[in-house]
$ cat start-v3.cif   # mmCIF, C-alpha atoms and all ligand atoms
data_run
#
loop_
_atom_site.label_atom_id
_atom_site.label_comp_id
_atom_site.auth_asym_id
_atom_site.auth_seq_id
_atom_site.Cartn_x
_atom_site.Cartn_y
_atom_site.Cartn_z
CA MET A 1353 189.83 205.16 17.47
CA THR A 1354 189.57 207.04 20.72
CA LYS A 1355 187.91 210.03 19.19
CA PHE A 1356 184.29 209.12 19.88
CA ILE A 1357 184.81 206.39 22.39
CA THR A 1358 182.58 206.33 25.46
CA PRO A 1359 183.93 206.50 29.00
CA LEU A 1360 182.73 202.94 29.58
CA ALA A 1361 184.57 201.70 26.53
CA ILE A 1362 187.70 203.47 27.65
CA ALA A 1363 187.41 201.89 31.08
CA LEU A 1364 187.12 198.46 29.47
CA LEU A 1365 190.00 199.22 27.17
CA SER A 1366 192.12 200.38 30.05
CA THR A 1367 191.75 197.13 31.89
CA THR A 1368 192.15 194.84 28.91
CA ALA A 1369 194.63 196.61 26.66
CA LEU A 1370 197.61 194.85 28.18
CA VAL A 1371 196.38 191.49 26.99
CA ALA A 1372 194.23 192.44 24.03
CA CYS A 1373 195.69 195.31 22.11
CA SER A 1374 194.45 195.56 18.55
CA ASN A 1375 197.74 196.97 17.35
CA ALA A 1376 200.77 195.35 18.88
CA ASP A 1377 203.01 198.17 17.78
CA ALA A 1378 200.87 200.74 19.50
CA GLN A 1379 201.77 199.45 22.92
CA LYS A 1380 205.33 199.11 23.93
CA THR A 1381 206.78 198.24 27.26
CA PRO A 1382 210.49 198.95 27.36
CA SER A 1383 212.95 196.16 27.85
CA THR A 1384 215.70 198.51 28.89
CA ALA A 1385 214.52 199.17 32.44
CA PRO A 1386 217.18 198.39 35.03
CA ALA A 1387 217.24 194.80 36.20
CA ALA A 1388 215.45 194.22 39.44
CA THR A 1389 217.40 193.26 42.50
CA ALA A 1390 215.87 192.57 45.86
CA PRO A 1391 217.66 194.28 48.71
CA ALA A 1392 217.36 192.23 51.89
CA ALA A 1393 216.31 195.17 54.00
CA SER A 1394 213.40 195.33 56.39
CA GLY A 1395 212.14 198.82 55.65
CA PRO A 1396 211.29 201.04 52.72
CA VAL A 1397 214.84 201.50 51.53
CA ILE A 1398 216.43 201.98 48.14
CA ALA A 1399 220.12 201.43 48.64
CA ALA A 1400 221.99 202.09 45.43
CA SER A 1401 221.08 204.06 42.37
CA ALA A 1402 221.16 201.05 40.04
CA VAL A 1403 218.89 199.01 42.31
CA ILE A 1404 215.16 199.30 42.58
CA ASN A 1405 213.26 197.94 45.52
CA ASP A 1406 210.70 195.64 43.95
CA SER A 1407 210.18 192.92 46.51
CA ILE A 1408 209.22 194.45 49.84
CA ASP A 1409 205.62 195.20 50.72
CA ILE A 1410 205.48 198.76 51.97
CA ALA A 1411 203.19 199.13 54.96
CA PRO A 1412 200.86 202.12 54.91
CA VAL A 1413 201.85 205.18 56.88
CA GLY A 1414 200.72 204.48 60.43
CA ASP A 1415 200.07 206.75 63.36
CA VAL A 1416 201.05 210.27 62.51
CA THR A 1417 201.74 212.87 65.17
CA ASP A 1418 199.64 216.03 65.11
CA VAL A 1419 201.81 219.08 65.67
CA THR A 1420 199.37 221.65 64.31
CA ASP A 1421 199.63 223.51 67.62
CA GLN A 1422 203.19 224.45 66.66
CA VAL A 1423 201.95 226.40 63.65
CA SER A 1424 200.24 229.76 63.31
CA ILE A 1425 198.12 230.22 60.18
CA GLU A 1426 197.08 233.47 58.55
CA THR A 1427 195.44 234.28 55.23
CA TRP A 1428 198.02 235.87 52.95
CA ILE A 1429 195.89 236.32 49.81
CA ASP A 1430 192.17 235.74 49.57
CA ASP A 1431 189.47 236.04 46.91
CA LEU A 1432 191.17 233.53 44.62
CA ASP A 1433 189.45 230.64 42.83
CA ALA A 1434 191.30 227.32 43.06
CA PRO A 1435 194.91 228.52 43.01
CA TRP A 1436 197.03 225.65 41.67
CA GLY A 1437 200.66 226.79 41.80
CA ILE A 1438 202.62 229.46 43.65
CA THR A 1439 206.25 230.53 43.35
CA PHE A 1440 208.14 233.54 44.68
CA THR A 1441 210.07 235.89 42.40
CA ALA A 1442 211.33 238.01 45.30
CA ALA A 1443 210.54 238.58 48.96
CA ASP A 1444 206.81 239.35 49.17
CA THR A 1445 206.32 238.93 45.42
CA ALA A 1446 204.74 235.77 44.09
CA LEU A 1447 203.31 234.34 40.89
CA ILE A 1448 200.09 232.38 41.26
CA THR A 1449 198.28 230.19 38.77
CA GLN A 1450 194.59 229.58 39.02
CA LYS A 1451 192.95 226.44 37.68
CA SER A 1452 190.46 228.45 35.62
CA GLY A 1453 193.34 229.87 33.54
CA GLU A 1454 194.15 233.20 35.18
CA PHE A 1455 197.74 233.98 36.08
CA PHE A 1456 198.51 236.56 38.76
CA ILE A 1457 201.41 238.46 40.24
CA TYR A 1458 201.05 239.47 43.88
CA GLU A 1459 203.24 242.45 44.59
CA ASN A 1460 203.16 245.13 47.30
CA GLY A 1461 199.96 243.63 48.62
CA THR A 1462 198.19 243.89 45.27
CA LEU A 1463 197.04 241.06 43.02
CA SER A 1464 197.36 241.84 39.29
CA GLN A 1465 196.32 239.61 36.42
CA ILE A 1466 198.97 238.77 33.83
CA SER A 1467 197.79 238.87 30.22
CA ASN A 1468 198.67 236.90 27.10
CA VAL A 1469 198.32 233.57 28.89
CA PRO A 1470 197.59 230.64 26.54
CA GLU A 1471 194.08 229.21 26.50
CA VAL A 1472 193.67 226.26 28.84
CA ASN A 1473 191.09 223.50 29.00
CA ASP A 1474 189.89 223.76 32.60
CA GLY A 1475 187.31 220.97 32.37
CA GLY A 1476 187.48 218.35 35.11
CA GLN A 1477 190.88 218.39 36.80
CA GLY A 1478 192.56 220.44 34.06
CA GLY A 1479 193.50 224.09 33.93
CA LEU A 1480 196.46 226.39 34.32
CA MET A 1481 198.59 224.36 36.65
CA ASP A 1482 202.17 224.67 37.87
CA VAL A 1483 204.52 227.67 37.78
CA THR A 1484 208.27 227.60 38.40
CA LEU A 1485 211.16 230.00 37.84
CA ASP A 1486 214.36 229.43 35.93
CA PRO A 1487 217.10 228.01 38.18
CA ASN A 1488 219.23 231.05 37.25
CA TRP A 1489 216.52 233.55 38.20
CA PRO A 1490 216.69 236.54 38.08
CA GLU A 1491 219.61 236.65 35.62
CA GLU A 1492 217.60 234.39 33.31
CA ASP A 1493 214.05 235.53 33.92
CA TRP A 1494 212.15 232.66 32.31
CA ILE A 1495 208.87 231.59 33.90
CA TYR A 1496 207.84 227.96 33.32
CA LEU A 1497 204.18 226.98 33.21
CA SER A 1498 202.24 223.78 32.72
CA PHE A 1499 198.60 223.54 31.70
CA SER A 1500 196.00 221.32 30.10
CA HIS A 1501 196.32 222.31 26.47
CA PRO A 1502 193.20 221.97 24.31
CA LYS A 1503 193.89 220.29 20.97
CA THR A 1504 191.38 222.65 19.43
CA PRO A 1505 189.75 225.66 21.10
CA GLY A 1506 187.01 224.61 23.47
CA ALA A 1507 186.43 221.60 25.67
CA GLY A 1508 187.64 218.69 23.58
CA GLU A 1509 190.77 216.60 23.79
CA ALA A 1510 193.61 217.94 25.93
CA MET A 1511 197.08 217.04 27.18
CA THR A 1512 199.54 218.55 29.62
CA LYS A 1513 201.81 221.07 27.91
CA VAL A 1514 204.86 222.96 29.22
CA ILE A 1515 205.89 226.43 28.08
CA ARG A 1516 208.23 229.18 29.20
CA ALA A 1517 207.90 232.92 28.79
CA LYS A 1518 209.10 236.20 30.24
CA LEU A 1519 206.99 238.72 32.10
CA ARG A 1520 207.05 242.09 30.37
CA ASP A 1521 204.67 244.97 31.17
CA GLY A 1522 202.16 242.68 32.82
CA ALA A 1523 202.03 240.20 29.94
CA LEU A 1524 203.69 236.91 29.02
CA SER A 1525 206.19 237.63 26.27
CA GLY A 1526 208.30 235.46 23.98
CA ILE A 1527 206.37 232.28 24.76
CA GLU A 1528 208.28 229.10 23.86
CA THR A 1529 206.75 225.63 23.76
CA LEU A 1530 208.99 223.19 25.65
CA PHE A 1531 206.81 220.09 25.58
CA GLU A 1532 203.72 219.34 23.56
CA ALA A 1533 202.31 215.87 22.91
CA LYS A 1534 201.63 214.51 19.44
CA PRO A 1535 198.09 215.45 18.32
CA GLU A 1536 197.03 211.80 18.22
CA ASP A 1537 197.92 211.40 21.90
CA TYR A 1538 195.51 214.07 23.18
CA VAL A 1539 192.79 212.60 25.38
CA LYS A 1540 189.20 213.67 25.94
CA ARG A 1541 189.03 212.41 29.50
CA ARG A 1542 189.19 215.19 32.04
CA HIS A 1543 191.46 213.96 34.79
CA HIS A 1544 195.02 213.06 35.82
CA PHE A 1545 197.03 215.83 34.20
CA GLY A 1546 199.98 215.61 36.63
CA SER A 1547 201.64 218.99 35.93
CA ARG A 1548 204.38 219.62 38.47
CA ILE A 1549 207.68 221.14 37.32
CA THR A 1550 211.07 221.05 39.08
CA PHE A 1551 214.76 221.49 38.19
CA ASP A 1552 217.84 219.56 39.23
CA ALA A 1553 221.23 221.09 40.02
CA ALA A 1554 222.39 220.60 36.42
CA GLY A 1555 219.38 222.54 35.14
CA HIS A 1556 217.29 219.68 33.76
CA LEU A 1557 213.55 220.31 33.88
CA TYR A 1558 211.35 217.49 35.17
CA PHE A 1559 207.58 217.48 34.80
CA SER A 1560 204.78 215.01 35.38
CA ILE A 1561 201.80 213.88 33.34
CA GLY A 1562 199.18 211.64 34.93
CA ASP A 1563 197.69 208.66 33.10
CA ARG A 1564 194.81 210.86 31.83
CA GLY A 1565 192.40 208.15 32.90
CA ILE A 1566 193.79 205.57 30.48
CA MET A 1567 195.60 203.32 32.91
CA ALA A 1568 197.39 201.07 30.43
CA ASP A 1569 199.09 204.05 28.79
CA ALA A 1570 201.25 204.42 31.91
CA GLN A 1571 203.09 201.23 30.85
CA ASP A 1572 203.43 202.35 27.22
CA ILE A 1573 206.46 204.52 26.43
CA THR A 1574 205.00 205.50 23.06
CA LYS A 1575 202.46 207.55 25.07
CA PRO A 1576 203.27 210.69 27.07
CA ASN A 1577 200.77 210.08 29.88
CA GLY A 1578 201.49 208.25 33.13
CA LYS A 1579 205.09 209.46 33.11
CA VAL A 1580 207.69 211.75 34.61
CA HIS A 1581 209.52 213.57 31.81
CA ARG A 1582 212.94 215.24 31.69
CA ILE A 1583 213.94 217.94 29.22
CA ASN A 1584 216.47 220.73 28.98
CA ARG A 1585 215.37 224.25 29.78
CA ASP A 1586 214.96 225.08 26.11
CA GLY A 1587 212.85 221.98 25.49
CA SER A 1588 215.60 219.90 23.89
CA ILE A 1589 216.14 216.32 25.02
CA PRO A 1590 219.08 215.44 27.28
CA ALA A 1591 221.34 212.97 25.47
CA ASP A 1592 221.37 210.64 28.47
CA ASN A 1593 217.60 210.28 28.83
CA PRO A 1594 216.72 206.59 29.26
CA PHE A 1595 214.71 206.07 26.05
CA VAL A 1596 216.49 208.31 23.56
CA ASP A 1597 217.60 205.32 21.49
CA ASP A 1598 214.04 204.07 21.03
CA ALA A 1599 212.55 205.82 17.99
CA THR A 1600 208.98 204.89 18.99
CA ALA A 1601 209.21 206.29 22.53
CA TYR A 1602 208.72 209.84 23.74
CA ALA A 1603 212.38 210.75 24.19
CA SER A 1604 211.46 213.02 27.09
CA ILE A 1605 210.29 210.09 29.25
CA TYR A 1606 212.33 209.69 32.42
CA SER A 1607 210.15 207.22 34.35
CA PHE A 1608 206.90 205.39 33.62
CA GLY A 1609 204.09 203.53 35.35
CA ASN A 1610 203.18 206.70 37.27
CA ARG A 1611 199.43 207.16 37.92
CA ASN A 1612 199.11 210.86 38.65
CA PRO A 1613 202.13 212.56 40.21
CA GLN A 1614 201.01 215.97 41.48
CA GLY A 1615 204.01 216.55 43.72
CA LEU A 1616 207.50 216.67 42.20
CA ILE A 1617 210.56 218.25 43.76
CA ILE A 1618 214.34 217.97 43.60
CA HIS A 1619 215.73 217.90 47.11
CA PRO A 1620 218.29 220.71 47.22
CA ASP A 1621 220.59 218.85 49.64
CA THR A 1622 220.78 215.56 47.75
CA ASP A 1623 219.50 216.21 44.18
CA VAL A 1624 217.11 213.28 44.77
CA LEU A 1625 213.89 213.60 42.73
CA TRP A 1626 210.90 213.04 45.04
CA SER A 1627 207.36 212.55 43.81
CA THR A 1628 203.97 212.20 45.44
CA GLU A 1629 201.45 210.33 43.33
CA HIS A 1630 197.70 209.88 43.75
CA GLY A 1631 196.66 206.26 44.16
CA PRO A 1632 193.13 205.11 43.26
CA LYS A 1633 191.18 204.29 46.46
CA GLY A 1634 194.19 203.85 48.75
CA GLY A 1635 197.79 203.55 47.69
CA ASP A 1636 198.93 207.16 47.40
CA GLU A 1637 202.69 206.93 46.91
CA LEU A 1638 205.87 208.71 47.87
CA ASN A 1639 208.46 207.79 45.26
CA VAL A 1640 212.08 208.50 44.47
CA ILE A 1641 212.07 208.90 40.70
CA ARG A 1642 214.94 207.29 38.80
CA PRO A 1643 215.72 207.13 35.09
CA GLY A 1644 214.11 204.33 33.11
CA VAL A 1645 212.34 202.84 36.11
CA ASN A 1646 208.82 201.41 36.02
CA TYR A 1647 206.71 202.53 39.00
CA GLY A 1648 204.17 199.84 38.33
CA TRP A 1649 200.83 201.53 37.65
CA PRO A 1650 198.38 199.89 36.92
CA GLU A 1651 199.95 196.46 37.27
CA ILE A 1652 200.78 196.94 40.93
CA SER A 1653 199.04 199.15 43.46
CA TYR A 1654 198.17 199.31 47.14
CA GLY A 1655 194.81 200.79 46.18
CA ILE A 1656 191.54 199.42 44.88
CA ASN A 1657 188.97 200.79 42.44
CA TYR A 1658 186.79 203.65 43.66
CA ASN A 1659 183.79 201.31 43.58
CA GLY A 1660 185.58 198.92 45.91
CA THR A 1661 186.40 196.24 43.36
CA VAL A 1662 189.88 194.82 42.96
CA LEU A 1663 192.05 196.78 40.55
CA THR A 1664 195.04 194.47 40.62
CA GLU A 1665 195.81 191.60 42.95
CA PHE A 1666 199.48 192.58 42.93
CA THR A 1667 201.25 195.03 45.20
CA LYS A 1668 204.65 194.07 43.85
CA LYS A 1669 206.17 192.56 40.75
CA PRO A 1670 209.76 192.02 39.63
CA GLY A 1671 211.14 195.02 37.79
CA MET A 1672 208.57 197.45 39.21
CA ALA A 1673 209.70 199.86 41.89
CA GLN A 1674 208.04 199.93 45.24
CA PRO A 1675 207.18 203.33 46.68
CA ILE A 1676 209.26 204.72 49.54
CA SER A 1677 206.05 204.99 51.54
CA GLN A 1678 202.34 204.70 50.81
CA TRP A 1679 199.18 206.20 52.27
CA THR A 1680 196.19 203.88 52.60
CA PRO A 1681 193.58 205.26 52.86
CA SER A 1682 194.52 207.95 50.35
CA ILE A 1683 195.15 211.42 51.69
CA ALA A 1684 195.11 212.68 48.04
CA VAL A 1685 198.66 214.01 47.78
CA CYS A 1686 199.05 217.27 45.85
CA GLY A 1687 201.86 219.81 46.06
CA LEU A 1688 205.34 219.07 47.38
CA ASP A 1689 208.28 221.13 48.55
CA VAL A 1690 211.36 220.77 50.75
CA TYR A 1691 211.58 222.94 53.85
CA LYS A 1692 214.52 225.31 53.80
CA GLY A 1693 214.62 228.35 56.02
CA ASP A 1694 215.20 229.71 59.49
CA LEU A 1695 211.64 230.04 60.81
CA PHE A 1696 211.17 226.30 61.33
CA GLY A 1697 214.83 225.39 61.83
CA ASP A 1698 214.13 221.86 63.09
CA TRP A 1699 212.32 221.05 59.87
CA ASP A 1700 215.27 221.73 57.57
CA GLY A 1701 215.36 219.24 54.69
CA ALA A 1702 211.96 217.67 55.44
CA LEU A 1703 209.35 217.22 52.70
CA LEU A 1704 206.14 219.24 52.85
CA VAL A 1705 203.33 217.12 51.40
CA GLY A 1706 199.98 218.72 50.60
CA ALA A 1707 196.75 216.74 50.60
CA LEU A 1708 193.45 217.50 48.90
CA ALA A 1709 191.01 215.06 50.50
CA TYR A 1710 192.52 215.10 53.97
CA GLU A 1711 192.98 218.88 53.80
CA GLU A 1712 196.40 218.60 55.37
CA ILE A 1713 200.05 219.41 55.08
CA ARG A 1714 202.30 216.60 56.24
CA LEU A 1715 205.93 217.11 57.24
CA VAL A 1716 207.77 213.98 56.05
CA ARG A 1717 211.31 213.59 57.33
CA VAL A 1718 213.67 211.76 55.03
CA ASP A 1719 217.32 210.76 55.21
CA GLY A 1720 218.81 210.51 51.75
CA GLU A 1721 216.28 208.23 50.07
CA ARG A 1722 214.90 206.78 53.30
CA TYR A 1723 211.59 207.61 54.92
CA LYS A 1724 211.92 208.45 58.61
CA ASP A 1725 208.63 209.76 60.03
CA GLU A 1726 205.86 212.22 59.45
CA GLN A 1727 203.71 214.76 61.25
CA ILE A 1728 200.60 216.78 60.46
CA ILE A 1729 201.40 220.49 60.53
CA MET A 1730 198.12 221.84 59.10
CA GLN A 1731 194.66 220.33 59.07
CA GLN A 1732 191.11 221.20 58.01
CA GLU A 1733 191.93 224.48 56.32
CA GLY A 1734 190.63 223.29 52.94
CA ARG A 1735 191.91 221.19 50.05
CA VAL A 1736 195.64 221.82 49.58
CA ARG A 1737 196.80 222.10 45.95
CA ASP A 1738 200.29 223.48 46.40
CA VAL A 1739 202.82 224.01 49.15
CA THR A 1740 205.86 226.23 48.78
CA VAL A 1741 208.44 227.74 51.10
CA GLY A 1742 208.80 231.50 50.81
CA PRO A 1743 212.02 233.52 50.90
CA ASP A 1744 211.09 234.49 54.48
CA GLY A 1745 211.06 230.85 55.61
CA ALA A 1746 207.28 230.80 56.04
CA ILE A 1747 205.29 228.02 54.38
CA TYR A 1748 202.66 229.06 51.84
CA ALA A 1749 199.75 226.84 50.90
CA ALA A 1750 197.32 227.20 48.00
CA VAL A 1751 194.02 226.20 49.59
CA GLU A 1752 190.53 226.44 48.06
CA ASP A 1753 190.20 230.19 47.37
CA LYS A 1754 193.24 231.60 49.15
CA ILE A 1755 196.92 231.42 49.96
CA LEU A 1756 197.71 230.68 53.59
CA ARG A 1757 200.94 231.63 55.37
CA LEU A 1758 202.28 229.32 58.08
CA THR A 1759 204.73 230.52 60.71
CA PRO A 1760 205.78 229.08 64.07
CA ALA A 1761 203.17 229.49 66.81
CA LYS A 1762 204.27 231.86 69.54
CA CA B 1801 203.73 202.73 42.05
#
$ encode --input "start-v3.cif" --output "structure tokens"
Amino acid sequence: MTKFITPLAIALLSTTALVACSNADAQKTPSTAPAATAPAASGPVIAASAVINDSIDIAPVGDVTDVTDQVSIETWIDDLDAPWGITFTAADTALITQKSGEFFIYENGTLSQISNVPEVNDGGQGGLMDVTLDPNWPEEDWIYLSFSHPKTPGAGEAMTKVIRAKLRDGALSGIETLFEAKPEDYVKRRHHFGSRITFDAAGHLYFSIGDRGIMADAQDITKPNGKVHRINRDGSIPADNPFVDDATAYASIYSFGNRNPQGLIIHPDTDVLWSTEHGPKGGDELNVIRPGVNYGWPEISYGINYNGTVLTEFTKKPGMAQPISQWTPSIAVCGLDVYKGDLFGDWDGALLVGALAYEEIRLVRVDGERYKDEQIIMQQEGRVRDVTVGPDGAIYAAVEDKILRLTPAK
């Protein structure tokens, strides 16, 4: 049905599918999400793991301090083309994905292209996306990659896919597929691929898929898009995933109602799973991701349609989690890490939030699952796609056509 559908028809479908679905079985909203309880707190707080905050309107992030004068910025690698993900394998050695599909290792000051990388569909917002190492690196030298996988070679339908492989003699070797959507769930639209990968202390792999431009799918657990997923490192499904007992659901789904999470990180101090998610026009979200929870898209949002029309009149509904904080107007959140290191000692444990449209890195201080405050540490250096902390404690940012290195200003 979606094979030759026009963008306009999809847009209409997206806004009406919740009330007018031609196949009732095709759309399933889970009934097993945790019951909503309203904590009587005055701020953006989630108190206990079984409780979701669904009743408090979250005010947009207000005045943010500019501390860019505390940071010195240098170009670490240039001559790239839309680097999307960066991760370090050792001091001064990094792996870098590029949206167009190239995968590089930067070692001893030299950038070398890695071969045997799967074909990606780099149309629209797709491409070769995130890269992460095995939690037991280097003893277990698996490299994890996400990308927009073409259903057939060329620029047709695509969906976010996750693989792992080892680097041998400059090539990916022993590639294993960890997550691949059902063929019928591939989508021709060219945006909202999500893509970020992170691991918890127990070794579970979490990754995000955006709604792929079909908003209603985010509420449908028979669809992989609009979700945060959780799998084991070999691609198997953890027995305690929230929807494993539902034969119609993707068993890898961990949370749903997520629009386009392009920041996803386990906080190493707390094991809390943080996510930054693009809103539409306004309503970018910082979320704590919990199993089985509905994050509300597109039924609730602090944003509006890009053309200015109302998307939903609701910012909250029972049973749908509120964000921890929200950015209106949108800064276009992309890339997320937790600062750990000696160079910026005062920033230990703070979130580093990249932003495409605002061309910024924000330092967001959190306490457990609470939002405390935020500062701008980099501005107007280009659209930020990824932020990662290096082994040397410097902050590295994938920006436009280069990797920047941030250190404390003298
Ligand atoms: Ca939400």
$ atom_distance --input "start-v3.cif" --atom1 "atom CA of A:Gln1465" --atom2 "atom CA of A:Pro1743"
22.2 Å
$ residues_near_ligand --input "start-v3.cif" --ligand "ligand CA 1801 (chain B)" --cutoff "7 Å" --atoms "only C-alpha atoms and all ligand atoms" --output "MDAnalysis selection string"
chainID A and resid 1609:1610 1637 1647:1649 1652:1653 1673:1675
$ closest_atom_pairs --input "start-v3.cif" --of "stretch 1672-1745 of chain A" --to "stretch 1529-1550 of chain A" --cutoff "12 Å" --atoms "all atoms listed in the file" --output "CSV"
residue,atom,partner,partner_atom,distance
A:Val1685,CA,A:Gly1546,CA,11.3
A:Cys1686,CA,A:Arg1548,CA,9.4
A:Gly1687,CA,A:Arg1548,CA,8.0
A:Leu1688,CA,A:Arg1548,CA,9.0
A:Asp1689,CA,A:Thr1550,CA,9.9
A:Val1690,CA,A:Thr1550,CA,11.7
A:Arg1737,CA,A:Arg1548,CA,10.9
A:Asp1738,CA,A:Arg1548,CA,9.7
A:Val1739,CA,A:Arg1548,CA,11.7
$ atom_distance --input "start-v3.cif" --atom1 "atom CA of A:Asp1493" --atom2 "atom CA of A:Ala1554"
17.3 Å
$ closest_residue --input "start-v3.cif" --among "A:Ile1515, A:Met1672, A:Ile1429, A:Val1716" --to "A:Asp1444" --atoms "only C-alpha atoms"
A:Ile1429
$ residues_near_point --input "start-v3.cif" --point "(210.0, 212.8, 58.3)" --cutoff "8 Å" --atoms "all atoms listed in the file" --output "list in words"
Ala1702, Leu1703, Leu1715, Val1716, Arg1717, Val1718, Tyr1723, Lys1724, Asp1725, Glu1726 and Gln1727 of chain A
$ closest_residue --input "start-v3.cif" --among "A:Asp1474, A:Asp1592, A:Asp1421, A:Asp1744" --to "A:Thr1445" --atoms "all atoms listed in the file"
A:Asp1744
$ closest_residue --input "start-v3.cif" --among "A:Gln1678, A:Gln1731, A:Asp1569, A:Lys1633" --to "A:Gly1660" --atoms "only C-alpha atoms"
A:Lys1633
$ residues_around --input "start-v3.cif" --residues "A:Lys1451" --least-positions-apart "2" --cutoff "10 Å" --atoms "only C-alpha atoms" --output "ChimeraX atom specification"
/A:1433-1437,1448-1449,1453-1455,1472-1475,1477-1482,1499-1500
$ atom_distance --input "start-v3.cif" --atom1 "atom CA of A:Leu1695" --atom2 "atom CA of A:Asp1486"
25.0 Å
$ closest_residue --input "start-v3.cif" --among "A:Tyr1654, A:Phe1456, A:Trp1626, A:Phe1440" --to "A:Tyr1558" --atoms "only C-alpha atoms"
A:Trp1626
$ closest_residue --input "start-v3.cif" --among "A:Phe1696, A:Glu1712, A:Leu1485, A:Pro1470" --to "A:Pro1502" --atoms "only C-alpha atoms"
A:Pro1470
$ closest_residue --input "start-v3.cif" --among "A:Leu1557, A:Met1511, A:Val1469, A:Ile1583" --to "A:Ser1525" --atoms "all atoms listed in the file"
A:Val1469
